[in-house]
Structure formats: structure tokens, C-alpha cells
Amino acid sequence: MSGVLAECAGVTRTFGRFVAVDRVDLRLHSGEVVGLLGANGAGKTTLLRMLLGLLPVSAGEVRLFGEPPSRGTRRRIGYVPQSLGLYDDLTAAENLDFSAAVFGGDTSRGRPAALDPFGGILVGALPLGVQRRVAFTEALAHRPDLLILDEPTSGVDPLARARLWETIGDAAAAGAGVLVTTHYMDEAGECSRLVIMAGGRVVARGTAAEITGDHQVTVVETDDWARAFGALEAVGLVAALAGRALRVPGAHADDVRRALGGIEARVSLAPGTLEERFFQLTSTSATEAVG
Amino acid sequence: MSGPTSSAEPVRGDWWGTDAVSVGYGKVPALDRVTFRVVPGQVSVVVGGDGAGRTTLLRCLAGALSASQGEIRRPAASQIGYLPAGSGTYPDLTVAENLAFRAAVYGVRGAGRSAEYLERAGLGAARDRPAGQLSGGMRQKLGVIAAMLHQPALLVLDEPTTGVDPVSRVELWSLIARAAAEGAAVAASTSYLDEAQRASRVLALDGGRELAAGTPEQIVAAIPGTVWVMDARPAGDEARRAWRRNARWRVWVPATPDGPATADGPADRGEPVQPDLQDAVTIASLARELATAGDRR
């Protein structure tokens with residue numbers, strides 16, 4: 001099918017008896033930004049490694065640009081791993097030159113002027129924010145058709161994050177497909193659609209609005225939040241403090257009222273956030289995979 | 001830049017924190033006259049990117065670093081619980097041994113509290129596993145309960161949730177809220193603005209200096225101007241005050257010096273939007289960047 005850059009069909013990966021990725025179906029089209037969300041250990045990085053051809057599948061099939069992963073398909077992919085994947089004892093410019101030589105790209109194209117002052121400095125001595133920009137520049141230099149980003153914005157301040165997303169958005173607008181993992185729920189809004197994984201399986205997919213749906217969360221407002229918090233905790237309900245209110249994802253309002261007993265509190269329902277929906281999906285219904 | 005005082009200001013009890021504290025490593029100021037208040041029973045959060053000065057500030061609070069200038073108020077060392085960035089656990093010791101070691105160091109009697117905290121953190125089944133074999137989220141939870149085990153008056157947590165998935169983050173904040181519920185003054189750093197939005201007080205740092213401070217509501221209310229949202233990237237001068245968010249563009253229209261912000265939006269129109277803490281911190285960074293660029297001209 002035209003426009004499909006990457007496709008996983010029933011992809012499974014086991015390590016011994018442990019099933020890290022379990023029958024995952026995924027399609028990525030040109031111009032799309034797909035966010036891959038999941039708890040630590042949900043199988044996201046293992047899935048990315050299979051897409052990159054770094055790890056063979058145990059079952060199922062991965063196709064990139066209509067063919068199995070190979071060195072040829074790797075040339076059409078830009079990849080930024082969590083660790084950034086730079087050589088610490090080469091300078092920023094040497095890192096970019098090396099990558100350009102490997103990918104056969106132009107050595108100077110698309111190198112942002114903002115990196116000029118750092119070109120001659122060893123990457124290991126650069127601030128993390130600058131290292132990240134070097135890694136992005138390197139991944140984009142050969143104009144990849146497919147961009148794979150593993151937590152690209154971890155530890156980045158909001159303005160710098162907005163700028164990284166600008167770069168990602170520009171690449172997608174130019175026709176690249178982007179697969180990105182993140183732990184920042186507010187970045188879900190940058191994605192055309194989301195795929196949520198838990199326990200190696202896909203448990204939800206769609207836009208952020210579709211996944212959040214009309215999910216509601218129980219909210220407790222009380223002057224005695226500390227006591228209320230203790231009462232909820234005592235019956236095993238996880239509550240998040242929001243200012244002086246408590247939000248109790250995944251709990252029925254009646255159960256919350258019962259747990260509070262005699263504590264004076266107003267218990268109400270409020271629209272849930274994507275994060276709360278995610279909490280519910282990955283902590284309680286991890287066993288129900290969706291197609 | 002801090003907002004007016006409000007009901008979130010402490011009315012009783014003590015506070016811990018820093019008052020106009022500067023710290024320099026060699027010639028580079030890591031902190032430049034930073035004031036940060038941490039109140040018992042509340043969670044105060046410091047936000048910023050890598051290199052903003054969060055770790056330096058929290059190390060001052062924890063007693064691991066002294067100030068070159070300014071005042072640091074902290075309780076006696078035995079009354080401080082500190083989780084350094086990274087982990088704060090011993091990878092070769094089991095979960096239970098990590099807590100037993102902490103308990104011995106701080107003179108916590110009986111194993112009751114350790115067992116209770118392990119259960120609450122969902123680590124009961126992992127008590128005999130070496131800490132080095134835990135997942136990132138579990139290890140951070142162990143670090144947090146180890147730091148709060150002796151019920152310190154001041155709990156200092158450096159990036160307890162960085163790199164931790166959203167589910168473990170909810171659980172971690174639940175543990176942290178519990179420490180505040182037990183009366184601790186909690187100071188934590190994060191790069192997640194949605195976490196900071198739920199804190200009682202927030203300090204945003206950039207390059208060792210305060211970008212914004214106050215309750216989340218105060219910081220948002222102090223934005224000098226209005227925020228507009230548009231579908232396409234704006235052109236010209238507005239591009240310098242625009243940033244991408246949720247696949248659209250936000251533009252900051254600064255208030256004019258002689259009055260409130262103009263009721264008109266950016267040249268291309270757009271809709272006004274109620275900003276949140278993330279917008280406020282972004283605008284503070286932009287304002288500083290534009291001022292610096294202006295100085296260079």
C-alpha cells in the first residue's frame with residue numbers, strides 16, 4: 001500500500017519465557033506522528049529495536065518501505081535513542097561528519113547555526129541540551145523517510161521542548177513518518193495518533209481525545225486532605241494531590257465515599273485526563289489487548 | 001518576579017529554604033540570588049531543564065553544599081531526608097537491606113514502618129531483590145521511601161520521577177503526598193510541568209536564576225500579556241514570540257508599557273487561550289531570551 005512506511009503484523013519478541021512484545025500490529029504512514037506510550041517495561045524500546053532491524057522478531061513480520069529490515073532500509077531511517085547515541089570523545093562536528101560518511105549524506109547541509117560555537121568541543125563536555133540538538137541534527141541530516149525517536153524530550157525545559165517538536169513537526173510536514181516514545185502526557189497532543197502499550201501488548205489506540213473519551217475521575221475536596229489521603233490509602237486507593245484536592249483515578253465515587261467514612265468532604269466526578277486514563281488502562285486492563 | 005502573597009503563604013509553623021542564595025563553581029554561578037521556601041505539610045517544586053540549577057539548589061537544602069552568599073535555613077542533618085538525582089539506593093543490597101541500612105543510620109526502631117512503606121510502594125513482593133535489578137520506577141519508589149523512612153522534617157527529592165513512566169509517577173506522587181500529610185516540608189525537582197501544576201509552590205529556574213515563582217496560579221496570573229493560539233506558524237516579529245504546542249502555535253502578545261495588553265490578537269488573528277503553568281514558564285524563558293538578544297544588538 002502506498003504511503004505505508006513501516007508495518008508490524010503480529011510482531012512478537014520473547015526472551016526465554018518472558019514475552020516482551022506480544023502480537024503487536026502497527027502501521028505508520030508518511031506525514032504522520034505516532035506517539036508510542038507505555039509504562040517502563042511495556043515493550044516500547046524492544047518494538048523500536050525490531051523496527052530498526054537491531055533485534056530479530058520471534059514471530060510476526062516487520063516491513064519497512066515494503067521490505068524486511070536491512071542495511072538498505074536503515075539508511076532511510078533517522079534514529080535518536082534515549083542515550084542519544086553520540087560519540088563522547090569526538091567533537092560535535094566530527095560526530096556529524098562521521099554520521100554523514102556512514103549515511104552518504106551531505107556533510108554540511110541542515111547544520112543549524114546555533115551549533116556553530118560548539119562544533120569543536122568534545123560531545124562529552126557539552127551541556128545535555130546541546131548534545132540533544134547534535135543528535136537531532138545527525139538523525140535528520142540524511143533526510144530520512146522515517147524518524148524513530150526514543151524519549152527525545154526527557155529532561156528538557158518547556159521552550160526547548162517546543163522547539164524540538166517544531167523540528168519534528170517540520171520533518172512530518174515534509175513527508176517523513178515519525179514514531180516517538182514519550183513520558184510527557186502533554187506531548188500526546190503533538191501526535192497525529194497514539195498507541196498505548198502495556199505488558200507487551202497494545203491496549204489502546206487513537207487520538208488523545210478518542211482514548212480519553214468520556215472517562216471520568218473521582219475528585220475529593222476537603223479541608224482535611226491529609227486525613228482523607230490516609231483513609232483512601234488505607235483501602236489501597238491511589239490518590240494524587242492536586243493543590244488541596246485529591247484525584248482518585250480508577251476508583252468509583254461510592255467506594256471513595258465509603259473509604260472516607262466520617263471525614264467531611266465533597267466527592268464529585270470531573271473529566272479525566274489522558275494521564276489518568278492511561279493509569280487506568282495500564283494498571284487494570286493490561287490483559288485486554290485491542291486490535 | 002514573585003507574585004503577591006496569598007493564602008498559600010505559611011500562617012503557622014516554620015519554613016525551610018533559601019534566601020537570596022548564590023553558589024558558584026569556579027567562575028560560573030550555578031545559583032544566582034535564589035529564594036525558595038519550603039513549608040511543612042506542603043510540596044514545593046523546583047522546575048527547569050538540564051543545567052538550570054535545580055540540583056545545586058536541592059543540594060544546598062539537603063546540606064550537601066554551602067552557599068557563597070545568602071542564607072540557607074534547614075533543620076539538623078538527622079531531620080533531613082534526601083534523595084539525590086539518579087537513585088540514592090545501593091544496587092548490590094536488596095530492597096529490604098536498603099531500608100534496614102537507612103533505618104540503622106537514622107536510628108529508626110522496629111521494622112514495622114519499613115514493612116508498611118514497602119507495602120504502600122507496592123514493593124512488598126520485591127523485598128529480597130537487589131535494588132540494581134529493579135525497574136526505574138520501582139528503584140525510584142525505593143529511593144523515596146528510604147528518604148522518608150525516618151520521618152524527616154524536611155524531605156528533599158531530586159528528580160524523583162525523571163524517566164519514570166506515568167503509572168509509577170502517580171504512585172510516586174502519592175508517596176510524596178503522604179510524606180507531606182505526615183507533616184514533612186517537601187522540596188522536589190521535576191521537568192514535568194503537569195506535576196508542578198499540582199504543587200503548592202513552584203520555582204522555575206533557568207541558568208541558575210529565578211524565572212518565575214509563586215503558587216501555580218500566581219505564576220500564570222503574572223504573565224505580562226496575553227496568549228493566542230493559531231493553526232499556522234506566525235510570520236515576522238511574532239515568530240520570535242511563538243512556540244509549538246499540541247500541533248498548533250501559541251503566540252505571546254506582551255502587555256504594552258502604558259496599559260493592559262491589546263485586545264487584538266496577533267496579526268493573523270487566532271483565538272485567545274487561557275494559559276497554564278507550561279505556557280507561563282515558556283513565556284518567561286522567551287522573555288529572557290528576547291531581552292538577552294536585545295542586549296546584544
# chains A, B, ... in the order shown; residues from 1 in each chain; ligands from 1
>>> residues_around(residues="segment 127-137 of chain A", least_positions_apart="5", cutoff="9 Å", atoms="only C-alpha atoms", output="mmCIF file with C-alpha atoms, in the first residue's frame")
data_model
loop_
_atom_site.group_PDB
_atom_site.id
_atom_site.type_symbol
_atom_site.label_atom_id
_atom_site.label_comp_id
_atom_site.auth_asym_id
_atom_site.auth_seq_id
_atom_site.Cartn_x
_atom_site.Cartn_y
_atom_site.Cartn_z
ATOM 1 C CA GLY A 78 16.793 8.637 11.332
ATOM 2 C CA TYR A 79 17.085 7.334 14.899
ATOM 3 C CA VAL A 80 17.628 9.170 18.175
ATOM 4 C CA PRO A 81 18.000 6.655 21.022
ATOM 5 C CA LEU A 84 21.412 9.992 22.157
ATOM 6 C CA GLY A 85 23.948 7.624 20.565
ATOM 7 C CA LEU A 86 26.761 10.162 20.124
ATOM 8 C CA ALA A 92 30.162 17.703 17.687
ATOM 9 C CA ALA A 93 31.392 18.368 14.134
ATOM 10 C CA ASN A 95 30.112 13.207 15.128
ATOM 11 C CA LEU A 96 28.112 14.844 12.333
ATOM 12 C CA GLY A 110 20.987 21.408 7.568
ATOM 13 C CA ARG A 111 23.533 22.079 10.261
ATOM 14 C CA PRO A 112 21.911 24.742 12.463
ATOM 15 C CA LEU A 115 25.541 24.606 16.881
ATOM 16 C CA PHE A 118 30.059 24.041 19.839
ATOM 17 C CA PRO A 152 13.607 12.664 22.759
ATOM 18 C CA THR A 153 12.494 15.313 25.242
ATOM 19 C CA GLY A 155 14.846 16.428 30.942
ATOM 20 C CA VAL A 156 14.287 19.336 28.536
ATOM 21 C CA ALA A 160 13.476 23.800 24.265
ATOM 22 C CA LEU A 164 12.279 20.065 19.342
ATOM 23 C CA THR A 167 11.717 20.237 14.237
ATOM 24 C CA GLY B 49 15.769 21.864 32.238
ATOM 25 C CA ASP B 50 19.166 20.196 32.490
ATOM 26 C CA GLY B 51 21.668 22.690 33.890
#
>>> select_by_dssp(residues="segment 91-273 of chain B", states="alpha helix (DSSP H)", output="ChimeraX atom specification")
/B:95-106,112-120,136-148,166-181,193-196,216-221
>>> interface_residues(of="chain B", to="chain A", cutoff="6 Å", atoms="only C-alpha atoms", output="PyMOL selection string")
chain B and resi 48-50+165+167+174+181+191+198-200+243-244+246-247+282
>>> write_last_selection(atoms="C-alpha atoms", output="PDB file, in the first residue's frame")
ATOM      1  CA  GLY B  48      13.868  23.686  34.942  1.00  0.00           C
ATOM      2  CA  GLY B  49      15.769  21.864  32.238  1.00  0.00           C
ATOM      3  CA  ASP B  50      19.166  20.196  32.490  1.00  0.00           C
ATOM      4  CA  ASP B 165       6.502   6.074  33.380  1.00  0.00           C
ATOM      5  CA  VAL B 167       1.821   4.964  36.243  1.00  0.00           C
ATOM      6  CA  SER B 174       1.104   9.513  46.146  1.00  0.00           C
ATOM      7  CA  ALA B 181       0.436  14.576  55.024  1.00  0.00           C
ATOM      8  CA  SER B 191      10.989  18.656  34.479  1.00  0.00           C
ATOM      9  CA  ARG B 198      -0.263  20.366  41.324  1.00  0.00           C
ATOM     10  CA  ALA B 199       2.308  21.670  43.810  1.00  0.00           C
ATOM     11  CA  SER B 200       1.609  24.256  46.489  1.00  0.00           C
ATOM     12  CA  TRP B 243       6.105  28.278  20.149  1.00  0.00           C
ATOM     13  CA  ARG B 244       4.636  24.986  19.113  1.00  0.00           C
ATOM     14  CA  ASN B 246      -0.308  20.468  20.714  1.00  0.00           C
ATOM     15  CA  ALA B 247       0.492  20.615  16.993  1.00  0.00           C
ATOM     16  CA  THR B 282       7.733  29.090  28.304  1.00  0.00           C
TER      17      THR B 282
END
>>> closest_residue(among="B:Leu118, B:Val43, B:Leu58, B:Ala293", to="Ala30 of chain B", atoms="only C-alpha atoms")
B:Leu58
>>> atom_distance(atom1="atom CA of Ala76 of chain B", atom2="atom CA of Arg59 of chain B")
14.4 Å
>>> select_by_dssp(residues="segment 1-248 of chain B", states="strand (DSSP E)", output="VMD selection string")
chain B and resid 16 to 25 28 to 38 43 to 47 69 to 73 80 to 83 154 to 157 185 to 190 201 to 206 209 to 214 225 to 230 242 to 245 248
>>> atom_distance(atom1="atom CA of His142 of chain A", atom2="atom CA of Leu179 of chain A")
17.2 Å
>>> atom_distance(atom1="atom CA of Tyr82 of chain B", atom2="atom CA of Ala62 of chain B")
6.2 Å
>>> residues_around(residues="Val251 of chain B", least_positions_apart="2", cutoff="9 Å", atoms="only C-alpha atoms", output="PyMOL selection string")
chain B and resi 226-230+234+238-244+249+253+265-266
>>> write_last_selection(atoms="C-alpha atoms", output="PDB file, in the first residue's frame")
ATOM      1  CA  THR B 226      -1.984  37.511  26.599  1.00  0.00           C
ATOM      2  CA  VAL B 227      -1.621  34.178  24.846  1.00  0.00           C
ATOM      3  CA  TRP B 228      -3.204  33.349  21.491  1.00  0.00           C
ATOM      4  CA  VAL B 229      -3.447  30.107  19.622  1.00  0.00           C
ATOM      5  CA  MET B 230      -3.273  29.752  15.846  1.00  0.00           C
ATOM      6  CA  PRO B 234       3.110  33.133  12.519  1.00  0.00           C
ATOM      7  CA  GLU B 238       5.588  37.330  16.069  1.00  0.00           C
ATOM      8  CA  ALA B 239       7.578  34.242  15.121  1.00  0.00           C
ATOM      9  CA  ARG B 240      10.033  35.163  17.851  1.00  0.00           C
ATOM     10  CA  ARG B 241       7.265  35.086  20.445  1.00  0.00           C
ATOM     11  CA  ALA B 242       5.651  31.891  19.151  1.00  0.00           C
ATOM     12  CA  TRP B 243       6.105  28.278  20.149  1.00  0.00           C
ATOM     13  CA  ARG B 244       4.636  24.986  19.113  1.00  0.00           C
ATOM     14  CA  TRP B 249       1.080  27.547  17.579  1.00  0.00           C
ATOM     15  CA  VAL B 253       1.422  39.214  22.945  1.00  0.00           C
ATOM     16  CA  GLY B 265      -4.542  39.160  18.862  1.00  0.00           C
ATOM     17  CA  PRO B 266      -1.607  38.591  16.600  1.00  0.00           C
TER      18      PRO B 266
END
>>> residues_around(residues="Ala180 of chain B", least_positions_apart="5", cutoff="7 Å", atoms="only C-alpha atoms", output="JSON, numbers by chain")
{"B": [41, 42, 43, 185, 186]}
>>> write_last_selection(atoms="C-alpha atoms", output="PDB file, in the first residue's frame")
ATOM      1  CA  GLY B  41       2.772  19.938  55.156  1.00  0.00           C
ATOM      2  CA  GLN B  42       3.253  21.234  51.614  1.00  0.00           C
ATOM      3  CA  VAL B  43       5.007  20.133  48.462  1.00  0.00           C
ATOM      4  CA  ALA B 185       8.156  20.030  54.292  1.00  0.00           C
ATOM      5  CA  VAL B 186       8.786  18.542  50.849  1.00  0.00           C
TER       6      VAL B 186
END
>>> closest_residue(among="B:Ala255, B:Pro216, B:Asp231, B:His150", to="Pro275 of chain B", atoms="only C-alpha atoms")
B:Pro216
>>> residues_around(residues="Gly63 of chain B", least_positions_apart="6", cutoff="12 Å", atoms="only C-alpha atoms", output="list in words")
Trp16, Gly17, Thr18, Thr56, Leu57, Ile72, Arg73, Arg74, Pro75, Ala76, Ala77, Ser78, Gln79, Ile80, Gly81, Tyr82, Pro84, Leu154, Leu155 and Val156 of chain B
>>> residues_around(residues="segment 202-208 of chain B", least_positions_apart="3", cutoff="9 Å", atoms="only C-alpha atoms", output="number ranges by chain")
A: 157; B: 22-23, 29-36, 43-49, 51-54, 56-57, 196-197, 199, 211-216, 219, 281, 285
>>> residues_around(residues="Leu172 of chain B", least_positions_apart="4", cutoff="9 Å", atoms="only C-alpha atoms", output="PDB file with N, CA and C atoms, in the first residue's frame")
ATOM      1  N   ALA B 121       4.301   1.203  48.737  1.00  0.00           N
ATOM      2  CA  ALA B 121       5.004   1.496  47.490  1.00  0.00           C
ATOM      3  C   ALA B 121       4.848   0.355  46.492  1.00  0.00           C
ATOM      4  N   GLY B 137      11.142   2.758  37.739  1.00  0.00           N
ATOM      5  CA  GLY B 137      10.083   3.273  38.592  1.00  0.00           C
ATOM      6  C   GLY B 137      10.149   2.665  39.994  1.00  0.00           C
ATOM      7  N   GLN B 140      13.063   4.151  41.956  1.00  0.00           N
ATOM      8  CA  GLN B 140      12.778   5.498  42.451  1.00  0.00           C
ATOM      9  C   GLN B 140      11.839   5.447  43.644  1.00  0.00           C
ATOM     10  N   LYS B 141      10.872   4.517  43.608  1.00  0.00           N
ATOM     11  CA  LYS B 141       9.972   4.398  44.753  1.00  0.00           C
ATOM     12  C   LYS B 141      10.751   3.966  45.994  1.00  0.00           C
ATOM     13  N   VAL B 144      12.571   6.954  47.339  1.00  0.00           N
ATOM     14  CA  VAL B 144      11.702   7.898  48.052  1.00  0.00           C
ATOM     15  C   VAL B 144      11.336   7.359  49.436  1.00  0.00           C
ATOM     16  N   PRO B 160      12.625  12.861  41.455  1.00  0.00           N
ATOM     17  CA  PRO B 160      12.123  11.521  41.792  1.00  0.00           C
ATOM     18  C   PRO B 160      11.412  10.841  40.623  1.00  0.00           C
ATOM     19  N   THR B 161      10.904  11.610  39.650  1.00  0.00           N
ATOM     20  CA  THR B 161      10.083  10.988  38.599  1.00  0.00           C
ATOM     21  C   THR B 161      10.687  11.070  37.191  1.00  0.00           C
ATOM     22  N   VAL B 167       2.451   5.722  35.158  1.00  0.00           N
ATOM     23  CA  VAL B 167       1.821   4.964  36.243  1.00  0.00           C
ATOM     24  C   VAL B 167       2.666   5.056  37.506  1.00  0.00           C
ATOM     25  N   SER B 168       3.964   4.811  37.369  1.00  0.00           N
ATOM     26  CA  SER B 168       4.840   4.907  38.535  1.00  0.00           C
ATOM     27  C   SER B 168       4.902   6.338  39.051  1.00  0.00           C
ATOM     28  N   ILE B 176       4.827  10.778  47.943  1.00  0.00           N
ATOM     29  CA  ILE B 176       5.336  12.098  48.318  1.00  0.00           C
ATOM     30  C   ILE B 176       4.256  12.880  49.073  1.00  0.00           C
ATOM     31  N   ALA B 177       3.009  12.782  48.577  1.00  0.00           N
ATOM     32  CA  ALA B 177       1.905  13.464  49.254  1.00  0.00           C
ATOM     33  C   ALA B 177       1.735  12.913  50.668  1.00  0.00           C
TER      34      ALA B 177
END
>>> decode(residues="segment 34-48 of chain A", atoms="N, CA and C atoms", output="compact mmCIF listing (two decimals), in the first residue's frame")
# COMPACT_ATOMS: atom_id res chain seq x y z
N VAL A 34 3.27 9.35 15.17
CA VAL A 34 2.60 8.39 16.05
C VAL A 34 3.34 8.33 17.38
N GLY A 35 2.60 8.58 18.46
CA GLY A 35 3.18 8.53 19.80
C GLY A 35 3.00 7.15 20.39
N LEU A 36 4.10 6.56 20.85
CA LEU A 36 4.06 5.24 21.46
C LEU A 36 4.22 5.44 22.97
N LEU A 37 3.15 5.17 23.72
CA LEU A 37 3.18 5.40 25.16
C LEU A 37 3.08 4.08 25.89
N GLY A 38 3.66 4.04 27.07
CA GLY A 38 3.55 2.83 27.87
C GLY A 38 4.43 2.94 29.09
N ALA A 39 4.13 2.11 30.08
CA ALA A 39 4.94 2.11 31.30
C ALA A 39 6.34 1.58 30.97
N ASN A 40 7.28 1.82 31.91
CA ASN A 40 8.59 1.20 31.76
C ASN A 40 8.38 -0.31 31.69
N GLY A 41 9.04 -0.96 30.74
CA GLY A 41 8.89 -2.39 30.64
C GLY A 41 7.68 -2.83 29.84
N ALA A 42 6.98 -1.87 29.20
CA ALA A 42 5.79 -2.22 28.41
C ALA A 42 6.17 -2.84 27.07
N GLY A 43 7.42 -2.68 26.66
CA GLY A 43 7.87 -3.28 25.40
C GLY A 43 8.16 -2.27 24.29
N LYS A 44 8.09 -0.97 24.60
CA LYS A 44 8.26 0.06 23.57
C LYS A 44 9.63 0.00 22.92
N THR A 45 10.68 0.00 23.75
CA THR A 45 12.03 0.04 23.19
C THR A 45 12.34 -1.25 22.42
N THR A 46 11.85 -2.38 22.91
CA THR A 46 12.04 -3.65 22.20
C THR A 46 11.39 -3.58 20.82
N LEU A 47 10.18 -2.99 20.77
CA LEU A 47 9.48 -2.85 19.49
C LEU A 47 10.28 -1.95 18.54
N LEU A 48 10.78 -0.83 19.07
CA LEU A 48 11.58 0.07 18.23
C LEU A 48 12.81 -0.65 17.69
